[in-house]
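> Have a look at this one.
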Amino acid sequence: MDLDYDLSCAFHTPEILERKIRMLAEHGFERLLIVAPPPGNPDYSHAARVLSEDGPPNFLRQSRNALGDDPLELAVKYAKLAGLEVIIEFKPYEGGGVFTIPDGAIPHCGRNYMETLGGRSVGLDPFILEHPEFLLERKPCDDLRSKPVNRIELVFVLDKIDDGDGMKQISFDDNAVSMFPAREFQIHISSDNGTYIPYGEPFEIAEHVALRTVTDANGEPVFPSPVRCRIIEIYGLKIESPYFSICFRGDEKAFRTIPFSMCTVFSVDSKLTATVSPTVRNDVSVRQLPFNRVGFEFEEVGPYYWDCGWRSCTILGFARGRMKHLRGSLCEAYPEVRKYWLQQISNFIAMGVDGVEVRLQSHCSGVTDFVNYGFNPPLAEAYLEKYAADILAEPCDPIKLMQIRGRFFEMFIQDAKKLLLRNKRKLLIQLHACMEKPSLSPVFHKLGFWANAKILPDWRRLIELADEVVIKDYNFGEYSIHVADEIKNFAAEKQKPLWVHCYLQQGHDWNSRFLNALNSDSRVTGILLYEVVWNKRENDGIIRLDSDGKLHWMMPENI
């Protein structure tokens with residue numbers, strides 16, 4: 001049960017929550033895992049959950065108000081009364097702040113905010129506001145903010161993009177410039193990324209087709225060799241504003257780019273540091289307004305970034321500089337952070353839970369150029385000690401840095417194990433196939449996927465510490481016996497119960513084909529059914545809650 005997600009899909013009173021949990025017990029379930037909301041109930045997924053005073057119904061806020069001070073504690077109480085074993089799913093890297101509002105704006109609620117690139121990051125864990133120095137830091141860079149922007153280069157791929165997306169499979173020939181013209185260019189400027197006004201000076205446009213080497217935000221090549229690209233140059237500029245935008249008219253399908261790495265700004269011949277986004281953010285009432293009234297969401301995080309950053313767009317926002325800290329995600333290298341995480345586990349124990357499952361993924365780990373984050377002083381010191389290299393002054397190996405972070409994370413897990421063992425509680429660990437053969441790829445199942453914490457602990461050591469192991473990968477309805485093969489083998493060797501994550505909604509894993517394939521894998525103890533709630537958007541849940549408070553059991557009987 002992803003508690004906040006359940007509460008956001010339908011209005012919950014204490015009576016409804018109790019009946020829903022009791023229904024699980026009545027239908028034969030013996031264990032309930034509850035995903036714990038971050039402390040302070042910050043938002044970590046969508047603006048509508050925190051900001052909206054009008055607009056769509058905000059069931060999360062209404063439910064929280066109806067359930068009292070601590071909905072999690074109440075859910076644990078009801079589960080124990082129903083005779084269920086209760087495991088808390090704890091996400092240490094989940095700290096909120098996944099969306100922003102303009103500089104100076106005050107949200108109606110979710111008032112825990114701090115300044116970030118593009119405005120104010122809203123809905124944060126209160127601990128982060130007290131200790132922003134513990135957030136994961138970006139590598140320092142010279143953003144040359146004082147220099148005017150004289151030229152902007154936009155690059156769009158014409159060749160096929162091999163990622164399974166039919167629209168991106170289209171290949172345009174060299175006549176694309178004339179067949180799909182970009183026209184009526186407009187430039188706007190802003191001082192706060194809230195209100196944009198027209199740029200009043202003249203400028204010129206030049207276009208041509210050429211071969212270009214395309215890399216993602218982390219400098220990794222996207223294609224094995226240069227590909228044909230449409231290159232648009234906008235020059236004769238003198239933009240001094242911290243934010244600006246470019247929009248033009250054209251068929252979006254012909255303008256495919258990775259904004260972060262393929263759209264560049266210059267001052268004379270110097271390349272300036274800028275963050276580029278095609279995403280117009282919602283305003284504080286969660287209405288979709290024109291960009292010139294609400295600005296752009298720079299470094300869009302949460303469940304919105306699925307590959308290396310491909311977008312088809314005819315509007316782009318630019319912010320000078322980069323995000324200095326990873327919003328909502330703390331750095332495990334600080335003893336104070338590990339102590340804070342342990343305190344949360346102590347709070348779960350005090351609620352009477354039977355165990356804690358530690359989940360590495362979070363909504364707050366998504367950042368585009370993730371290889372440039374993790375440069376906090378204690379991480380730099382540890383890297384220098386192990387590899388005799390100063391990562392603040394010279395290039396480093398991103399995988400090695402993630403392994404350094406992983407060792408600090410192991411320290412937390414060791415302490416968590418001692419705390420739970422002392423209180424006769426279980427420790428469960430979520431692992432991922434990408435840990436076996438890590439790469440920087442940002443696609444599903446890979447270490448660089450947006451939700452992964454970009455750390456590399458010794459997964460064998462974690463299995464040894466854990467009482468039970470959960471493999472959380474995206475199956476999309478098909479169970480593969482070979483995914484996370486080494487992890488499954490080692491867990492079996494250590495005789496640790498092993499659970500496979502079964503996405504009811506996002507993955508649609510609940511089908512006979514998936515279950516039959518999983519049953520053939522003798523290493524697997526069972527499945528973790530994730531996301532209890534049934535809703536109209538994705539109807540693969542277990543329990544439907546109607547607007548009148550009636551509950552309906554939705555589990556198919558024929559599986």
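Within each chain, counting starts at residue 1; across the structure tokens, chains are named A, B, ... in the order shown, with ligands numbered 1 upward in that order.
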With only C-alpha atoms as the counted atoms, please give the residues lying no more than 10 Å from A:Ala380, apart from itself and same-chain residues fewer than 3 positions off, as JSON, numbers by chain.

{"A": [374, 375, 376, 377, 383, 384, 385, 389, 390, 391, 392, 401, 404]}

> Would you list the contacts of A:Thr13 as a VMD selection string, taking every protein, DNA or RNA residue within 10 Å and counting only C-alpha atoms, but skipping same-chain residues closer than 4 positions in sequence?

chain A and resid 7 17 to 19 62 to 68 549

> Using only C-alpha atoms, which of A:Glu531, A:Asp173, A:Glu94, A:Asp6 sits nearest A:Leu124?

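Of A:Glu531, A:Asp173, A:Glu94, A:Asp6, the one nearest A:Leu124, counting only C-alpha atoms, is A:Glu94.
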
> May I ask for the distance between atom CA of A:Gly317 and atom CA of A:Ser245, given in Å to one decimal place?

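Atom-to-atom, atom CA of A:Gly317 to atom CA of A:Ser245, that is 4.3 Å.
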
> Which residues are near A:Val294? Cut-off 7 Å, only C-alpha atoms, ignore same chain within fewer than 5 positions. Put them as a list in words.

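Returned residues: Gly194, Thr195, Arg281, Asn282, Asp283 and Leu289 of chain A.
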
> Grab the atom CA of A:Asp143 to atom CA of A:Ser362 distance for me, in Å with one decimal place.

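Atom CA of A:Asp143 sits 28.8 Å away from atom CA of A:Ser362.
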
> Do a neighbour search on stretch 127-134 of chain A at 10 Å with only C-alpha atoms, toss out local chain neighbours closer than 4 positions, and write the hits as a ChimeraX atom specification.

/A:39-40,95-97,112-114,325,327-337,340,376
